[in-house]
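**Q** Contents of coords_30.txt (compact mmCIF, C-alpha atoms):
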```
# COMPACT_ATOMS: atom_id res chain seq x y z
CA GLY A 1 -43.82 -7.44 33.83
CA GLU A 2 -40.94 -9.20 35.51
CA SER A 3 -39.50 -7.62 38.59
CA VAL A 4 -37.07 -7.98 41.44
CA GLY A 5 -38.51 -8.23 44.94
CA LEU A 6 -37.44 -8.67 48.54
CA HIS A 7 -38.51 -11.13 51.19
CA LEU A 8 -37.98 -8.89 54.23
CA PRO A 9 -38.66 -5.17 54.29
CA THR A 10 -36.82 -4.57 57.60
CA LEU A 11 -33.97 -6.22 59.46
CA SER A 12 -32.64 -5.28 62.88
CA VAL A 13 -29.35 -6.73 64.14
CA GLN A 14 -26.91 -6.20 66.96
CA GLU A 15 -23.55 -4.67 66.24
CA GLY A 16 -21.02 -7.38 65.53
CA ASP A 17 -23.59 -9.88 64.30
CA ASN A 18 -23.77 -11.08 60.73
CA SER A 19 -26.61 -9.81 58.55
CA ILE A 20 -28.31 -11.57 55.69
CA ILE A 21 -30.52 -9.68 53.28
CA ASN A 22 -32.53 -11.66 50.75
CA CYS A 23 -33.86 -10.92 47.32
CA ALA A 24 -35.97 -12.84 44.83
CA TYR A 25 -35.95 -12.14 41.12
CA SER A 26 -38.27 -13.38 38.44
CA ASN A 27 -36.50 -12.71 35.16
CA SER A 28 -34.80 -15.95 34.16
CA ALA A 29 -32.88 -14.02 31.48
CA SER A 30 -31.14 -11.83 34.03
CA ASP A 31 -27.39 -12.20 33.70
CA TYR A 32 -26.09 -9.67 36.16
CA PHE A 33 -27.03 -8.61 39.67
CA ILE A 34 -25.97 -5.75 41.90
CA TRP A 35 -26.43 -4.83 45.52
CA TYR A 36 -26.70 -1.17 46.37
CA LYS A 37 -26.65 0.58 49.73
CA GLN A 38 -28.61 3.76 50.24
CA GLU A 39 -28.05 5.92 53.29
CA SER A 40 -30.57 8.53 54.33
CA GLY A 41 -30.54 11.54 52.03
CA LYS A 42 -28.09 10.00 49.59
CA GLY A 43 -28.19 8.17 46.31
CA PRO A 44 -27.68 4.40 46.04
CA GLN A 45 -24.06 3.33 46.31
CA PHE A 46 -22.62 0.21 44.69
CA ILE A 47 -21.61 -2.54 47.11
CA ILE A 48 -20.97 -5.71 45.14
CA ASP A 49 -22.07 -7.42 41.96
CA ILE A 50 -22.24 -10.93 40.58
CA ARG A 51 -22.73 -12.43 37.15
CA SER A 52 -25.10 -15.29 36.47
CA ASN A 53 -22.22 -17.70 35.76
CA MET A 54 -21.13 -17.42 39.40
CA ASP A 55 -22.67 -18.70 42.63
CA LYS A 56 -20.72 -16.64 45.10
CA ARG A 57 -18.63 -13.53 45.23
CA GLN A 58 -16.86 -12.01 48.19
CA GLY A 59 -15.86 -8.47 48.93
CA GLN A 60 -14.71 -6.70 52.02
CA ARG A 61 -17.04 -7.96 54.79
CA VAL A 62 -19.72 -8.68 52.18
CA THR A 63 -20.62 -11.80 50.28
CA VAL A 64 -23.24 -12.21 47.60
CA LEU A 65 -24.76 -15.60 46.91
CA LEU A 66 -26.74 -16.42 43.81
CA ASN A 67 -29.06 -19.40 43.49
CA LYS A 68 -30.30 -19.50 39.94
CA THR A 69 -32.40 -22.59 40.52
CA VAL A 70 -34.78 -20.73 42.79
CA LYS A 71 -33.97 -17.26 41.48
CA HIS A 72 -32.70 -16.03 44.81
CA LEU A 73 -29.97 -13.58 45.73
CA SER A 74 -28.60 -12.78 49.16
CA LEU A 75 -26.20 -10.28 50.65
CA GLN A 76 -24.27 -11.28 53.73
CA ILE A 77 -22.58 -8.63 55.83
CA ALA A 78 -20.06 -9.88 58.36
CA ALA A 79 -19.56 -8.19 61.73
CA THR A 80 -22.25 -5.62 61.04
CA GLN A 81 -21.41 -2.09 62.14
CA PRO A 82 -23.61 0.94 62.90
CA GLY A 83 -22.37 2.48 59.65
CA ASP A 84 -23.99 -0.38 57.78
CA SER A 85 -27.43 0.93 58.73
CA ALA A 86 -29.13 1.80 55.45
CA VAL A 87 -31.60 0.55 52.88
CA TYR A 88 -30.19 -2.21 50.71
CA PHE A 89 -31.45 -2.81 47.18
CA CYS A 90 -30.85 -5.65 44.83
CA ALA A 91 -31.07 -4.98 41.13
CA ASP A 92 -30.88 -7.14 38.06
CA ARG A 93 -30.07 -6.63 34.42
CA GLY A 94 -32.27 -8.72 32.18
CA GLY A 95 -30.30 -10.35 29.40
CA SER A 96 -29.33 -7.95 26.64
CA ASN A 97 -31.27 -5.15 28.23
CA TYR A 98 -28.88 -2.63 29.71
CA LYS A 99 -31.24 -1.17 32.25
CA LEU A 100 -31.30 -2.23 35.89
CA THR A 101 -34.52 -3.18 37.65
CA PHE A 102 -34.49 -2.52 41.38
CA GLY A 103 -36.26 -4.28 44.20
CA LYS A 104 -38.12 -2.26 46.82
CA GLY A 105 -35.31 -2.43 49.39
CA THR A 106 -34.65 -3.73 52.89
CA LEU A 107 -34.02 -1.39 55.78
CA LEU A 108 -31.14 -2.64 57.91
CA THR A 109 -30.85 -1.21 61.41
CA VAL A 110 -27.78 -1.98 63.48
CA ASN A 111 -28.20 -1.61 67.22
CA PRO A 112 -25.09 -0.68 69.22
CA ASP B 1 -14.02 13.12 40.00
CA ALA B 2 -16.97 14.89 41.63
CA GLY B 3 -19.39 12.15 40.74
CA VAL B 4 -22.83 12.63 39.26
CA ILE B 5 -24.07 16.12 40.08
CA GLN B 6 -27.75 16.92 40.33
CA SER B 7 -29.48 20.23 40.90
CA PRO B 8 -31.38 21.44 42.71
CA ARG B 9 -31.16 19.20 45.78
CA HIS B 10 -34.62 20.25 46.88
CA GLU B 11 -37.49 21.75 44.91
CA VAL B 12 -40.86 22.83 46.20
CA THR B 13 -43.34 24.00 43.62
CA GLU B 14 -47.02 24.58 43.21
CA MET B 15 -49.23 22.29 41.23
CA GLY B 16 -49.35 23.31 37.60
CA GLN B 17 -45.88 24.81 37.51
CA GLU B 18 -43.09 23.61 35.29
CA VAL B 19 -40.20 21.85 37.01
CA THR B 20 -36.76 21.22 35.51
CA LEU B 21 -34.28 18.86 37.10
CA ARG B 22 -30.68 18.88 36.01
CA CYS B 23 -27.92 16.32 35.87
CA LYS B 24 -24.23 16.33 35.05
CA PRO B 25 -22.95 12.78 34.56
CA ILE B 26 -19.45 11.61 35.34
CA SER B 27 -17.08 12.68 32.58
CA GLY B 28 -16.50 9.92 30.06
CA HIS B 29 -19.63 7.97 30.92
CA ASP B 30 -21.81 7.16 27.94
CA TYR B 31 -24.99 5.95 29.66
CA LEU B 32 -27.28 8.23 31.64
CA PHE B 33 -30.33 7.09 33.60
CA TRP B 34 -33.17 8.96 35.27
CA TYR B 35 -34.88 7.20 38.18
CA ARG B 36 -37.75 8.18 40.45
CA GLN B 37 -37.97 6.91 44.02
CA THR B 38 -41.08 6.80 46.17
CA MET B 39 -41.97 4.81 49.25
CA MET B 40 -44.77 3.03 47.44
CA ARG B 41 -43.04 2.13 44.20
CA GLY B 42 -39.36 2.13 45.09
CA LEU B 43 -36.81 3.01 42.41
CA GLU B 44 -38.34 3.22 38.97
CA LEU B 45 -36.38 3.75 35.78
CA LEU B 46 -37.93 6.59 33.80
CA ILE B 47 -35.63 6.88 30.80
CA TYR B 48 -32.07 6.23 29.79
CA PHE B 49 -29.70 7.61 27.18
CA ASN B 50 -26.71 6.15 25.40
CA ASN B 51 -24.33 8.62 23.78
CA ASN B 52 -26.94 11.37 24.29
CA VAL B 53 -29.64 9.41 22.44
CA PRO B 54 -32.78 8.30 24.32
CA ILE B 55 -32.89 4.51 24.17
CA ASP B 56 -35.84 3.54 26.34
CA ASP B 57 -38.43 5.97 27.68
CA SER B 58 -41.06 3.36 28.50
CA GLY B 59 -40.84 4.29 32.18
CA MET B 60 -41.86 7.89 31.64
CA PRO B 61 -45.25 8.03 33.34
CA GLU B 62 -47.04 10.57 31.17
CA ASP B 63 -46.60 13.10 28.42
CA ARG B 64 -46.10 15.67 31.15
CA PHE B 65 -42.62 14.21 31.59
CA SER B 66 -39.85 14.85 29.10
CA ALA B 67 -36.09 14.40 29.16
CA LYS B 68 -33.30 15.71 27.01
CA MET B 69 -29.57 15.24 26.74
CA PRO B 70 -28.20 17.98 24.48
CA ASN B 71 -24.59 16.93 25.08
CA ALA B 72 -22.51 14.36 26.93
CA SER B 73 -22.24 16.44 30.07
CA PHE B 74 -25.79 17.58 30.68
CA SER B 75 -29.30 16.22 30.90
CA THR B 76 -32.64 17.59 32.04
CA LEU B 77 -35.87 16.05 33.21
CA LYS B 78 -38.85 18.33 32.86
CA ILE B 79 -42.34 18.01 34.28
CA GLN B 80 -44.98 20.30 32.83
CA PRO B 81 -47.45 20.77 34.41
CA SER B 82 -46.44 19.29 37.74
CA GLU B 83 -48.92 17.50 40.00
CA PRO B 84 -48.77 16.52 43.70
CA ARG B 85 -48.38 12.85 42.77
CA ASP B 86 -45.08 13.72 41.09
CA SER B 87 -43.59 14.35 44.53
CA ALA B 88 -40.62 12.00 44.86
CA VAL B 89 -36.86 11.87 44.86
CA TYR B 90 -35.46 11.90 41.34
CA PHE B 91 -32.06 10.35 40.75
CA CYS B 92 -29.73 10.61 37.85
CA ALA B 93 -27.08 7.93 37.30
CA SER B 94 -24.36 7.36 34.75
CA ARG B 95 -22.24 4.44 33.61
CA ARG B 96 -18.89 4.23 31.85
CA PRO B 97 -18.43 2.52 28.47
CA GLY B 98 -18.33 -1.23 28.95
CA GLY B 99 -19.17 -0.88 32.60
CA THR B 100 -21.95 -2.54 34.53
CA GLU B 101 -22.57 -0.51 37.66
CA ALA B 102 -24.42 2.78 37.60
CA PHE B 103 -23.13 5.67 39.71
CA PHE B 104 -25.89 7.71 41.28
CA GLY B 105 -26.16 11.37 42.11
CA GLN B 106 -27.47 12.67 45.43
CA GLY B 107 -30.94 13.11 44.01
CA THR B 108 -33.46 15.94 43.81
CA ARG B 109 -36.30 15.86 46.31
CA LEU B 110 -39.34 17.28 44.56
CA THR B 111 -42.41 18.37 46.47
CA VAL B 112 -45.44 19.55 44.53
CA VAL B 113 -48.05 21.27 46.68
```
Please re-express this file's structure in structure tokens.
**A**
Amino acid sequence: GESVGLHLPTLSVQEGDNSIINCAYSNSASDYFIWYKQESGKGPQFIIDIRSNMDKRQGQRVTVLLNKTVKHLSLQIAATQPGDSAVYFCADRGGSNYKLTFGKGTLLTVNP
Amino acid sequence: DAGVIQSPRHEVTEMGQEVTLRCKPISGHDYLFWYRQTMMRGLELLIYFNNNVPIDDSGMPEDRFSAKMPNASFSTLKIQPSEPRDSAVYFCASRRPGGTEAFFGQGTRLTVV
């Protein structure tokens, strides 16, 4: 079946640097994408979302970019902080299907 | 709002025993999802409900797994009999009408020995 996957399983950055987390998806019918952050011992927490009719969306210190041509999604975190250390998941909603399909996650470690 | 509430937070049981996981969605939300998370397979959707009705249970791994939603404020996921390979963190999530993002609970860490 179609799925959402990640290029990099781990990412280590220095505090203050920018982080980029990548995600590839395979379902061309996906119309909606979400990035979640999961801290140790907690459930996934919504960060930012983007619809397929957009290429870019910005939030507070985060930006999501969507490239539908190559079915690629990225999350950019500006001025990464130790509190950003977590596993980040991308998820997609395939067309009229209301359920989200999650990628396997990227572990982001921020070094002080 | 207290968010999605799951209980218990941790469950250790012996193989063959029945396990019941509980979830209270956010008030007013009409979608409820059960996910399982393991290191090997990541987050997998098991089943989801809309207005208390199961819509898609294709992710339920075996007949040993069953889920119910008797009312808008309560859902259970039951495993009978449990097996060691069921060990995972089970998440419940809910979504408001017309919404897109799912709000997750803290999860139940299940260990079957």
**Q** Would you list the contacts of Ile21 in chain A as JSON, numbers by chain, taking every protein, DNA or RNA residue within 8 Å and counting only C-alpha atoms, but skipping same-chain residues closer than 4 positions in sequence?
**A** {"A": [8, 11, 74, 75, 76, 88, 106]}
**Q** Excluding Ser7 in chain B and any residue of its chain fewer than 4 positions from it, enumerate the residues within 9 Å of it, using only C-alpha atoms, and give them as a ChimeraX atom specification.
**A** /B:21-24,107-108
**Q** Rank nothing, just name the residue among A:Gln60, A:Asn67, A:Thr101, A:Ser12 nearest to chain B, using only C-alpha atoms.
**A**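 Looking at the shortest contact to chain B, the residue is A:Thr101.
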**Q** Could the residues of chain B that have an atom at most 9 Å from chain A be listed as CSV, each with its closest atom pair and the distance in Å to one decimal, counting all atoms listed in the file and ordered by chain and ascending residue number?
**A**
```
residue,atom,partner,partner_atom,distance
B:Phe33,CA,A:Lys99,CA,8.4
B:Met39,CA,A:Lys104,CA,8.4
B:Met40,CA,A:Lys104,CA,8.5
B:Arg41,CA,A:Lys104,CA,7.1
B:Gly42,CA,A:Lys104,CA,4.9
B:Leu43,CA,A:Phe102,CA,6.1
B:Glu44,CA,A:Phe102,CA,7.3
B:Leu45,CA,A:Thr101,CA,7.4
B:Tyr48,CA,A:Lys99,CA,7.8
B:Asp56,CA,A:Lys99,CA,8.8
B:Phe91,CA,A:Gly43,CA,7.1
B:Cys92,CA,A:Gly43,CA,8.9
B:Thr100,CA,A:Tyr32,CA,8.4
B:Glu101,CA,A:Phe46,CA,7.1
B:Ala102,CA,A:Phe46,CA,7.8
B:Phe103,CA,A:Gln45,CA,7.1
B:Phe104,CA,A:Gly43,CA,5.6
B:Gly105,CA,A:Gly43,CA,5.7
B:Gln106,CA,A:Gly43,CA,4.6
B:Gly107,CA,A:Gly43,CA,6.1
```
**Q** Near Gly99 in chain B, within 10 Å and counting all atoms listed in the file, which residues show up once chain neighbours fewer than 4 positions away are dropped, as a list in words?
**A**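 Final neighbour list, sorted by chain and number: His29, Asp30, Tyr31, Ser94 and Arg95 of chain B.
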**Q** Report the distance between CA of Cys90 in chain A and CA of Asn50 in chain B in Å, rounded to one decimal place.
**A**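 We find that CA of Cys90 in chain A and CA of Asn50 in chain B lie 23.1 Å from each other.
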**Q** Please list, as a compact mmCIF listing (two decimals) with C-alpha atoms, in the frame of the given file, the residues that have an atom at most 6 Å away from (-36.4, 19.8, 48.2) in the coordinates of this file, counting only C-alpha atoms.
**A**
```
# COMPACT_ATOMS: atom_id res chain seq x y z
CA ARG B 9 -31.16 19.20 45.78
CA HIS B 10 -34.62 20.25 46.88
CA GLU B 11 -37.49 21.75 44.91
CA VAL B 12 -40.86 22.83 46.20
CA ARG B 109 -36.30 15.86 46.31
CA LEU B 110 -39.34 17.28 44.56
```
**Q** Calculated over only C-alpha atoms, which of the candidates B:Phe49, B:Gly28, B:Val113, B:Glu83 has the smallest distance to Arg64 in chain B?
**A**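 Of the candidates, the smallest distance to Arg64 in chain B is held by B:Glu83.
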